[in-house]
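Asks: model_13.cif is the file, holding mmCIF, C-alpha atoms:
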data_entry
#
loop_
_atom_site.label_atom_id
_atom_site.label_comp_id
_atom_site.auth_asym_id
_atom_site.auth_seq_id
_atom_site.Cartn_x
_atom_site.Cartn_y
_atom_site.Cartn_z
CA MET Z 1294 -42.47 16.29 -71.15
CA HIS Z 1295 -46.03 17.14 -70.24
CA ARG Z 1296 -47.25 15.08 -73.14
CA HIS Z 1297 -45.42 12.06 -71.81
CA ILE Z 1298 -46.95 12.55 -68.40
CA LEU Z 1299 -50.38 12.97 -69.87
CA ALA Z 1300 -49.97 9.86 -71.97
CA ALA Z 1301 -48.86 7.91 -68.93
CA ALA Z 1302 -51.87 9.15 -66.93
CA ILE Z 1303 -54.24 8.14 -69.70
CA ALA Z 1304 -52.62 4.74 -69.93
CA LEU Z 1305 -52.93 4.27 -66.16
CA ALA Z 1306 -56.55 5.36 -66.20
CA ALA Z 1307 -57.22 2.92 -68.95
CA THR Z 1308 -55.41 -0.08 -67.45
CA ALA Z 1309 -55.77 0.43 -63.68
CA PRO Z 1310 -59.46 -0.56 -63.40
CA SER Z 1311 -58.88 -3.75 -65.28
CA ALA Z 1312 -55.85 -4.50 -63.10
CA ALA Z 1313 -57.83 -3.69 -59.94
CA TYR Z 1314 -60.69 -5.80 -61.12
CA ALA Z 1315 -58.28 -8.65 -61.67
CA GLN Z 1316 -57.59 -8.67 -57.92
CA PHE Z 1317 -61.17 -9.68 -57.24
CA THR Z 1318 -61.72 -12.17 -59.96
CA THR Z 1319 -61.66 -15.03 -57.45
CA VAL Z 1320 -64.68 -13.71 -55.61
CA VAL Z 1321 -67.79 -15.44 -56.79
CA SER Z 1322 -70.68 -13.15 -56.41
CA PRO Z 1323 -73.82 -14.83 -55.08
CA PRO Z 1324 -76.66 -15.16 -57.52
CA GLN Z 1325 -79.24 -12.46 -57.27
CA PRO Z 1326 -82.43 -13.77 -55.70
CA GLU Z 1327 -85.32 -13.66 -57.98
CA ALA Z 1328 -87.96 -11.17 -56.99
CA PRO Z 1329 -91.06 -12.90 -55.67
CA PRO Z 1330 -94.22 -12.43 -57.60
CA VAL Z 1331 -96.39 -9.50 -56.76
CA SER Z 1332 -99.11 -11.67 -55.23
CA VAL Z 1333 -96.65 -13.19 -52.75
CA GLN Z 1334 -95.36 -9.77 -51.76
CA ALA Z 1335 -98.90 -8.58 -51.10
CA GLN Z 1336 -99.67 -11.66 -49.00
CA ALA Z 1337 -96.49 -11.10 -46.95
CA LYS Z 1338 -97.49 -7.53 -46.27
CA VAL Z 1339 -100.89 -8.66 -45.07
CA ASP Z 1340 -99.39 -11.34 -42.80
CA SER Z 1341 -96.93 -8.85 -41.27
CA ALA Z 1342 -99.67 -6.34 -40.68
CA GLU Z 1343 -101.80 -8.94 -38.98
CA ARG Z 1344 -98.97 -10.07 -36.69
CA ALA Z 1345 -98.11 -6.52 -35.72
CA THR Z 1346 -101.64 -5.63 -34.84
CA LEU Z 1347 -101.91 -4.98 -31.11
CA THR Z 1348 -105.08 -4.12 -29.37
CA ASP Z 1349 -103.56 -2.72 -26.20
CA LEU Z 1350 -100.22 -1.16 -26.95
CA ARG Z 1351 -99.58 0.07 -23.40
CA THR Z 1352 -100.01 -3.40 -21.93
CA TRP Z 1353 -97.81 -4.88 -24.60
CA VAL Z 1354 -95.03 -2.36 -23.90
CA ASP Z 1355 -95.25 -2.93 -20.16
CA SER Z 1356 -95.13 -6.69 -20.49
CA ALA Z 1357 -92.24 -6.48 -22.93
CA ALA Z 1358 -90.33 -4.23 -20.55
CA SER Z 1359 -90.84 -6.54 -17.58
CA ALA Z 1360 -89.86 -9.54 -19.64
CA SER Z 1361 -86.72 -7.77 -20.75
CA ALA Z 1362 -85.87 -6.82 -17.16
CA ALA Z 1363 -86.28 -10.40 -16.01
CA ALA Z 1364 -84.10 -11.73 -18.77
CA THR Z 1365 -81.32 -9.22 -18.14
CA PRO Z 1366 -78.89 -10.45 -15.43
CA ALA Z 1367 -78.42 -8.23 -12.45
CA PRO Z 1368 -75.31 -6.08 -12.53
CA SER Z 1369 -72.50 -7.95 -10.82
CA THR Z 1370 -68.92 -7.39 -9.87
CA GLY Z 1371 -66.03 -8.90 -11.74
CA ALA Z 1372 -65.37 -11.35 -8.94
CA ALA Z 1373 -68.91 -12.61 -9.00
CA THR Z 1374 -68.71 -13.04 -12.74
CA ALA Z 1375 -65.45 -14.91 -12.42
CA GLU Z 1376 -66.93 -17.11 -9.76
CA MET Z 1377 -69.88 -17.90 -11.93
CA GLU Z 1378 -67.61 -18.77 -14.84
CA THR Z 1379 -65.55 -20.99 -12.60
CA THR Z 1380 -68.63 -22.74 -11.36
CA THR Z 1381 -69.73 -23.29 -14.90
CA GLU Z 1382 -66.37 -24.76 -15.78
CA ILE Z 1383 -66.49 -27.16 -12.87
CA ALA Z 1384 -69.96 -28.21 -13.75
CA ALA Z 1385 -69.00 -28.71 -17.36
CA ALA Z 1386 -65.89 -30.73 -16.52
CA PRO Z 1387 -66.27 -34.45 -17.17
CA ALA Z 1388 -66.89 -36.45 -14.05
CA THR Z 1389 -63.76 -38.42 -13.15
CA PRO Z 1390 -63.98 -41.48 -10.95
CA PRO Z 1391 -62.65 -40.90 -7.44
CA ARG Z 1392 -59.10 -42.12 -6.99
CA LYS Z 1393 -58.68 -45.13 -4.75
CA ALA Z 1394 -57.20 -43.70 -1.61
CA GLU Z 1395 -54.72 -45.77 0.29
CA THR Z 1396 -55.43 -46.48 3.92
CA THR Z 1397 -52.93 -44.52 5.93
CA GLU Z 1398 -55.10 -43.69 8.91
CA PHE Z 1399 -57.47 -45.91 10.82
CA ARG Z 1400 -61.16 -45.22 10.64
CA ASP Z 1401 -64.24 -47.33 10.97
CA GLY Z 1402 -64.87 -49.14 7.71
CA ALA Z 1403 -61.39 -48.56 6.32
CA ARG Z 1404 -59.74 -51.01 3.99
CA ALA Z 1405 -56.80 -53.07 5.12
CA PRO Z 1406 -53.50 -51.28 4.44
CA ASP Z 1407 -51.97 -51.84 1.05
CA THR Z 1408 -49.33 -54.46 1.68
CA ALA Z 1409 -49.18 -55.64 -1.91
CA THR Z 1410 -45.67 -55.48 -3.27
CA PRO Z 1411 -44.30 -56.11 -6.75
CA LEU Z 1412 -40.84 -56.98 -5.48
CA PRO Z 1413 -41.20 -60.78 -5.76
CA VAL Z 1414 -42.30 -60.44 -9.37
CA ILE Z 1415 -39.44 -58.10 -10.16
CA LEU Z 1416 -37.01 -60.49 -8.54
CA LEU Z 1417 -38.46 -63.40 -10.47
CA ALA Z 1418 -38.28 -61.49 -13.74
CA GLY Z 1419 -34.73 -60.43 -13.03
CA LEU Z 1420 -33.61 -63.96 -12.26
CA SER Z 1421 -35.33 -65.27 -15.38
CA LEU Z 1422 -33.70 -62.67 -17.58
CA LEU Z 1423 -30.36 -63.32 -15.95
CA ALA Z 1424 -30.61 -67.06 -16.52
CA THR Z 1425 -31.69 -66.60 -20.13
CA GLY Z 1426 -28.94 -64.12 -20.81
CA LEU Z 1427 -26.29 -66.34 -19.28
CA ALA Z 1428 -27.58 -69.30 -21.24
CA LEU Z 1429 -27.30 -67.33 -24.45
CA LEU Z 1430 -23.81 -66.22 -23.59
CA LEU Z 1431 -22.35 -69.44 -22.26
CA LEU Z 1432 -24.08 -72.22 -24.12
CA ARG Z 1433 -22.78 -72.61 -27.63
CA PRO Z 1434 -25.13 -73.68 -30.38
CA ARG Z 1435 -24.78 -77.26 -31.50
CA ALA Z 1436 -22.59 -77.75 -34.50
CA ARG Z 1437 -24.53 -78.93 -37.49
CA PRO Z 1438 -23.81 -82.52 -38.46
CA ALA Z 1439 -21.75 -82.72 -41.57
CA THR Z 1440 -23.84 -83.47 -44.61
CA ALA Z 1441 -23.01 -86.07 -47.19
CA ARG Z 1442 -22.39 -83.43 -49.76
CA SER Z 1443 -19.82 -81.64 -47.67
CA ARG Z 1444 -17.94 -84.86 -47.18
CA VAL Z 1445 -17.59 -85.51 -50.88
CA PRO Z 1446 -14.15 -84.36 -51.95
CA ARG Z 1447 -14.10 -81.85 -54.62
CA ALA Z 1448 -13.12 -83.08 -57.96
CA MET Y 12 -26.60 -61.27 -32.48
CA ARG Y 13 -26.77 -64.08 -29.97
CA ARG Y 14 -24.03 -62.57 -27.85
CA THR Y 15 -25.63 -59.11 -27.97
CA LEU Y 16 -28.99 -60.44 -26.89
CA GLY Y 17 -27.43 -62.51 -24.14
CA PHE Y 18 -25.46 -59.55 -22.88
CA ALA Y 19 -28.56 -57.31 -22.89
CA LEU Y 20 -30.70 -59.83 -21.03
CA THR Y 21 -27.97 -60.47 -18.49
CA THR Y 22 -27.54 -56.75 -17.88
CA VAL Y 23 -31.26 -56.13 -17.38
CA GLY Y 24 -31.54 -59.18 -15.15
CA VAL Y 25 -28.63 -58.08 -13.00
CA LEU Y 26 -30.10 -54.61 -12.67
CA LEU Y 27 -33.48 -55.96 -11.57
CA VAL Y 28 -31.94 -58.34 -9.07
CA LEU Y 29 -29.74 -55.55 -7.75
CA PHE Y 30 -32.76 -53.28 -7.35
CA VAL Y 31 -34.72 -55.83 -5.36
CA SER Y 32 -31.67 -56.76 -3.32
CA THR Y 33 -31.12 -53.11 -2.49
CA VAL Y 34 -34.69 -52.71 -1.28
CA TYR Y 35 -34.45 -55.84 0.85
CA ALA Y 36 -31.07 -54.78 2.22
CA ARG Y 37 -32.38 -51.35 3.13
CA GLY Y 38 -35.33 -53.03 4.83
CA ALA Y 39 -33.01 -55.25 6.82
CA LEU Y 40 -30.96 -52.25 7.89
CA ALA Y 41 -34.08 -50.33 8.89
CA ARG Y 42 -35.29 -53.36 10.80
CA ASP Y 43 -32.01 -53.57 12.68
CA ALA Y 44 -32.17 -49.86 13.41
CA ALA Y 45 -35.71 -50.18 14.78
CA ARG Y 46 -34.66 -53.08 16.98
CA ALA Y 47 -31.63 -51.16 18.26
CA ARG Y 48 -33.81 -48.19 19.03
CA TRP Y 49 -36.34 -50.41 20.76
CA ASP Y 50 -33.60 -51.98 22.88
CA SER Y 51 -32.30 -48.53 23.71
CA ASP Y 52 -35.74 -47.40 24.79
CA GLU Y 53 -36.11 -50.56 26.84
CA ALA Y 54 -32.84 -49.85 28.58
CA LYS Y 55 -33.93 -46.31 29.36
CA ARG Y 56 -37.21 -47.62 30.71
CA ALA Y 57 -35.37 -50.14 32.86
CA MET Y 58 -33.28 -47.33 34.29
CA ARG Y 59 -36.38 -45.28 35.04
CA ASP Y 60 -38.25 -48.28 36.34
CA GLY Y 61 -37.78 -47.38 39.95
CA GLU Y 62 -38.98 -43.83 39.42
CA LEU Y 63 -41.81 -44.22 36.95
CA ASP Y 64 -45.19 -45.63 37.69
CA VAL Y 65 -46.00 -48.48 35.32
CA ALA Y 66 -49.61 -47.35 35.02
CA ASP Y 67 -48.46 -44.06 33.53
CA VAL Y 68 -46.77 -45.85 30.65
CA THR Y 69 -49.45 -48.38 29.88
CA ALA Y 70 -52.54 -46.33 30.54
CA PRO Y 71 -55.06 -46.48 27.68
CA GLY Y 72 -54.87 -43.48 25.42
CA ALA Y 73 -51.42 -42.49 26.62
CA ALA Y 74 -49.12 -41.43 23.82
CA THR Y 75 -51.02 -43.08 21.01
CA ARG Y 76 -49.36 -40.85 18.43
CA HIS Y 77 -45.87 -41.68 17.35
CA VAL Y 78 -43.46 -40.42 14.75
CA ARG Y 79 -43.67 -42.40 11.53
CA GLY Y 80 -41.06 -45.10 11.47
CA SER Y 81 -40.44 -45.09 15.19
CA PRO Y 82 -40.81 -48.37 17.09
CA VAL Y 83 -44.08 -48.62 18.98
CA ALA Y 84 -44.37 -52.22 20.09
CA ARG Y 85 -42.90 -55.67 19.98
CA LEU Y 86 -44.83 -58.46 18.33
CA ALA Y 87 -44.16 -62.16 18.89
CA ILE Y 88 -45.94 -65.20 17.50
CA ALA Y 89 -44.36 -68.34 18.83
CA SER Y 90 -46.10 -70.73 16.44
CA ILE Y 91 -44.31 -69.28 13.42
CA GLY Y 92 -41.17 -68.05 15.19
CA LEU Y 93 -41.96 -64.39 14.59
CA ASP Y 94 -40.42 -61.71 16.78
CA GLU Y 95 -40.54 -58.27 15.24
CA ILE Y 96 -40.47 -54.65 16.28
CA VAL Y 97 -43.57 -52.86 15.10
CA VAL Y 98 -42.98 -49.40 13.67
CA GLU Y 99 -45.47 -46.58 13.32
CA GLY Y 100 -47.00 -46.15 9.87
CA VAL Y 101 -47.95 -48.35 6.96
CA GLY Y 102 -46.12 -46.54 4.17
CA SER Y 103 -43.67 -48.33 1.92
CA SER Y 104 -40.64 -47.29 3.94
CA GLU Y 105 -42.24 -48.31 7.24
CA LEU Y 106 -43.43 -51.66 5.92
CA ASN Y 107 -39.96 -52.21 4.53
CA ALA Y 108 -38.54 -51.86 8.03
CA GLY Y 109 -41.03 -54.02 9.86
CA PRO Y 110 -44.67 -54.62 10.63
CA GLY Y 111 -46.45 -51.29 10.65
CA HIS Y 112 -48.97 -50.02 13.14
CA LEU Y 113 -51.83 -48.27 11.37
CA PRO Y 114 -51.88 -44.68 12.63
CA GLY Y 115 -55.09 -43.78 14.37
CA SER Y 116 -55.75 -47.31 15.52
CA ALA Y 117 -55.28 -48.24 19.14
CA LEU Y 118 -51.96 -49.38 20.44
CA PRO Y 119 -51.87 -53.09 21.27
CA GLY Y 120 -53.54 -53.60 24.62
CA HIS Y 121 -55.39 -50.32 24.61
CA ALA Y 122 -59.13 -50.04 24.16
CA GLY Y 123 -60.03 -50.29 20.49
CA ASN Y 124 -58.87 -52.08 17.40
CA SER Y 125 -55.11 -52.21 16.97
CA VAL Y 126 -54.13 -52.84 13.35
CA ILE Y 127 -50.69 -54.14 12.43
CA SER Y 128 -49.78 -54.87 8.81
CA ALA Y 129 -46.75 -56.27 7.04
CA HIS Y 130 -45.66 -57.61 3.68
CA ARG Y 131 -46.30 -61.25 2.88
CA ASP Y 132 -42.82 -61.69 1.44
CA ARG Y 133 -41.03 -60.40 4.50
CA HIS Y 134 -42.11 -60.09 8.11
CA PHE Y 135 -45.50 -61.77 7.79
CA HIS Y 136 -44.45 -64.51 5.37
CA GLY Y 137 -45.60 -67.16 7.83
CA LEU Y 138 -48.85 -65.52 8.86
CA ASP Y 139 -50.90 -67.97 6.84
CA HIS Y 140 -49.74 -70.71 9.22
CA VAL Y 141 -51.19 -69.01 12.26
CA ALA Y 142 -54.31 -70.89 13.28
CA ILE Y 143 -57.29 -69.98 15.40
CA GLY Y 144 -56.38 -70.48 19.03
CA ASP Y 145 -52.71 -69.57 18.61
CA THR Y 146 -51.30 -67.01 20.99
CA ILE Y 147 -49.77 -63.68 20.08
CA VAL Y 148 -47.78 -61.59 22.49
CA THR Y 149 -47.34 -57.84 22.23
CA GLN Y 150 -45.25 -55.64 24.41
CA ILE Y 151 -45.37 -51.91 24.87
CA GLY Y 152 -43.05 -50.58 27.45
CA LEU Y 153 -43.41 -52.78 30.47
CA ASN Y 154 -46.81 -54.07 29.52
CA SER Y 155 -47.01 -57.47 27.86
CA VAL Y 156 -50.33 -58.53 26.40
CA ILE Y 157 -51.27 -62.04 25.40
CA TRP Y 158 -53.80 -62.44 22.63
CA ILE Y 159 -55.73 -65.42 21.35
CA VAL Y 160 -56.48 -65.63 17.63
CA LYS Y 161 -60.25 -65.75 17.33
CA SER Y 162 -60.93 -65.37 13.64
CA ARG Y 163 -59.17 -65.62 10.36
CA LYS Y 164 -60.67 -64.30 7.15
CA VAL Y 165 -59.72 -63.36 3.62
CA VAL Y 166 -61.27 -60.24 2.13
CA SER Y 167 -60.74 -58.36 -1.08
CA ALA Y 168 -58.34 -55.44 -1.02
CA ALA Y 169 -61.16 -52.96 -1.55
CA SER Y 170 -63.34 -54.39 1.17
CA PRO Y 171 -64.01 -52.12 4.18
CA ALA Y 172 -62.70 -54.69 6.59
CA LEU Y 173 -61.45 -52.66 9.53
CA ARG Y 174 -63.91 -51.92 12.31
CA GLN Y 175 -63.68 -49.79 15.37
CA THR Y 176 -64.19 -51.70 18.58
CA THR Y 177 -64.68 -50.76 22.18
CA GLN Y 178 -62.79 -53.76 23.54
CA PRO Y 179 -59.07 -54.32 22.89
CA VAL Y 180 -58.69 -56.21 19.63
CA LEU Y 181 -55.53 -56.98 17.69
CA THR Y 182 -55.86 -57.24 13.90
CA LEU Y 183 -52.95 -58.50 11.82
CA THR Y 184 -53.18 -58.01 8.06
CA THR Y 185 -51.10 -59.03 5.11
CA CYS Y 186 -51.59 -59.81 1.44
CA TRP Y 187 -53.36 -62.92 0.28
CA PRO Y 188 -52.56 -65.31 -1.32
CA VAL Y 189 -49.20 -65.37 0.40
CA ARG Y 190 -47.63 -67.12 -2.56
CA PHE Y 191 -48.84 -65.12 -5.52
CA THR Y 192 -47.12 -63.76 -8.57
CA GLY Y 193 -47.77 -60.03 -8.72
CA PRO Y 194 -49.55 -57.70 -6.34
CA ALA Y 195 -51.91 -59.91 -4.36
CA PRO Y 196 -55.59 -59.02 -4.79
CA ASP Y 197 -56.84 -60.01 -1.34
CA ARG Y 198 -55.97 -59.46 2.30
CA LEU Y 199 -55.65 -61.94 5.13
CA LEU Y 200 -56.99 -60.66 8.43
CA LEU Y 201 -56.32 -62.32 11.74
CA GLU Y 202 -58.30 -61.02 14.66
CA ALA Y 203 -57.10 -61.73 18.18
CA HIS Y 204 -58.80 -60.96 21.43
CA LEU Y 205 -57.28 -60.19 24.74
CA ALA Y 206 -56.30 -63.19 26.83
CA GLU Y 207 -54.47 -61.46 29.59
CA SER Y 208 -52.42 -58.41 30.26
CA GLN Y 209 -49.57 -58.22 32.64
CA ALA Y 210 -47.02 -55.63 33.57
CA ALA Y 211 -43.58 -57.19 33.54
CA ALA Y 212 -40.08 -56.04 32.97
CA ALA Y 213 -39.29 -59.13 30.95
CA GLY Y 214 -39.93 -59.31 27.23
CA PRO Y 215 -42.57 -61.42 25.53
CA SER Y 216 -42.44 -65.01 26.61
CA ALA Y 217 -42.87 -66.17 23.04
CA SER Y 218 -39.49 -64.84 21.94
#
Once more with this new file: its structure as structure tokens, please.

Replies:
Amino acid sequence: MHRHILAAAIALAATAPSAAYAQFTTVVSPPQPEAPPVSVQAQAKVDSAERATLTDLRTWVDSAASASAAATPAPSTGAATAEMETTTEIAAAPATPPRKAETTEFRDGARAPDTATPLPVILLAGLSLLATGLALLLLRPRARPATARSRVPRA
Amino acid sequence: MRRTLGFALTTVGVLLVLFVSTVYARGALARDAARARWDSDEAKRAMRDGELDVADVTAPGAATRHVRGSPVARLAIASIGLDEIVVEGVGSSELNAGPGHLPGSALPGHAGNSVISAHRDRHFHGLDHVAIGDTIVTQIGLNSVIWIVKSRKVVSAASPALRQTTQPVLTLTTCWPVRFTGPAPDRLLLEAHLAESQAAAAGPSAS
């Protein structure tokens, strides 16, 4: 019994890594970057050292701190933040042309009230459709004149 | 196929004609209702005539706000045989009932510009025949006002054509061209100036 279990454990140990590895066969590992030559590495170290060289460290720290404080927004409440977001949304919204308001109240410089009406057009269209429909229903198509072939008696 | 198409066209045509007829019929009913209400108000005024001072009714600025759709004045133009009850408001339902008085503008005869508008296919269908020099009569309560047409102009619908005035002016507007297929793009404006004002129990002489 123990032998069977041991054999099964050995078989699992032998096959499990290959099976687990098979799960990741689709991953394409990126190519390893080639190490730059030694001369380039040395030049990079020199450049970094030169950039990091500061003559007055205290002044640099103070200026960096003030710059950081100016860039950080002041602590605000949730409402203020929401308001700011809303404002941003309004500003970002595309400008839509103002809708033509109808004149319903008199004011100096107002347009004349909108008295345009589509009713005559609708009536005209309705009457036209009605006449066409009735013509289609009542007028029968002309019978085709009998051709010479149809008049020839069949043999 | 021919019968089906004919039946479909006839049905749609009948529906469209019925729709327009319904709108016109409702307008005619509303017009009759406005006239009946106007006559009723006139009768009440006649009964109160002995008790009420005429100046109280016709004083400028008195009761310039009315309920939308309620009759506010009577308008008569003898040259085109027009005699209509003007209702308050220029919405679709008001203009369907009769010429509409633009809210906020002066009442006819009061100081300021009084604007009255109507559809070209109904109450103001003959407005294009009104010429400069023709007389217009308005009546509010017991006060009849006679106007003389002084100018006649056509402006685009978007044009800011209405102006406030200090003197009593009557402006009638409708769509232009009067005979036009589709919503008319322009507006016809008739401007009339005061000829005379008189307090009388009788209606407009033009009717």

Asks: When you count only C-alpha atoms, which of these residues is closest to His121 in chain Y: Y:Ser90, Y:Thr176, Y:Thr146, Y:Thr185?

Replies: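 Looking at the shortest contact to His121 in chain Y, the residue is Y:Thr176.
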
Asks: Would you kindly translate the PyMOL selection byres ((chain Z) within 6 of (chain Y)) into the concrete residues it picks from this file, as JSON, numbers by chain?

Replies: {"Z": [1398, 1399, 1401, 1402, 1403, 1404, 1408, 1409, 1410, 1411, 1414, 1416, 1419, 1420, 1422, 1423, 1426, 1429, 1430]}

Asks: Could you list the residues chosen by the PyMOL selection byres ((chain Y and resi 162) around 12) in this structure as a list of chain:residue names?

Replies: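 The output of the PyMOL selection byres ((chain Y and resi 162) around 12) on this file is Y:Val141, Y:Ala142, Y:Ile143, Y:Gly144, Y:Asp145, Y:Trp158, Y:Ile159, Y:Val160, Y:Lys161, Y:Arg163, Y:Lys164, Y:Val165, Y:Val180, Y:Leu181, Y:Thr182, Y:Leu183, Y:Leu199, Y:Leu200, Y:Leu201, Y:Glu202, Y:Ala203, Y:His204.
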
Asks: Interatomic distance between CA of Asn154 in chain Y and CA of Ala84 in chain Y?

Replies: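 Interatomic distance here is 9.9 Å.
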
Asks: So the first atom is CA of Val83 in chain Y and the second is CA of Ala206 in chain Y; what is the distance between them in Å, to one decimal place?

Replies: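 Computing it gives 20.6 Å between the two atoms.
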
Asks: For CA of Thr33 in chain Y and CA of Ser81 in chain Y, determine how far apart the two atoms are, in Å to one decimal place.

Replies: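 Answer for the CA of Thr33 in chain Y to CA of Ser81 in chain Y separation: 21.5 Å.
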
Asks: Rank Y:Gly123, Y:Gly109, Y:Pro188, Y:Gly152 by their smallest atom-to-atom distance to Arg37 in chain Y, using only C-alpha atoms, and report the top residue only.

Replies: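 So, comparing all the options, the nearest one is Y:Gly109.
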
Asks: How would you write, as a list in words, the residues chosen by the PyMOL selection byres ((chain Y and resi 157) around 9) on this structure?

Replies: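 After applying the PyMOL selection byres ((chain Y and resi 157) around 9), what remains is Gly120, Thr146, Ile147, Val148, Thr149, Gln150, Ser155, Val156, Trp158, Ile159, His204, Leu205, Ala206, Glu207, Ser208, Gln209 and Pro215 of chain Y.
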
Asks: Which of these, Y:Ala39, Y:Phe135, Y:Asp50, Y:Arg56, has the shortest distance to Ala87 in chain Y once you count only C-alpha atoms?

Replies: Y:Phe135
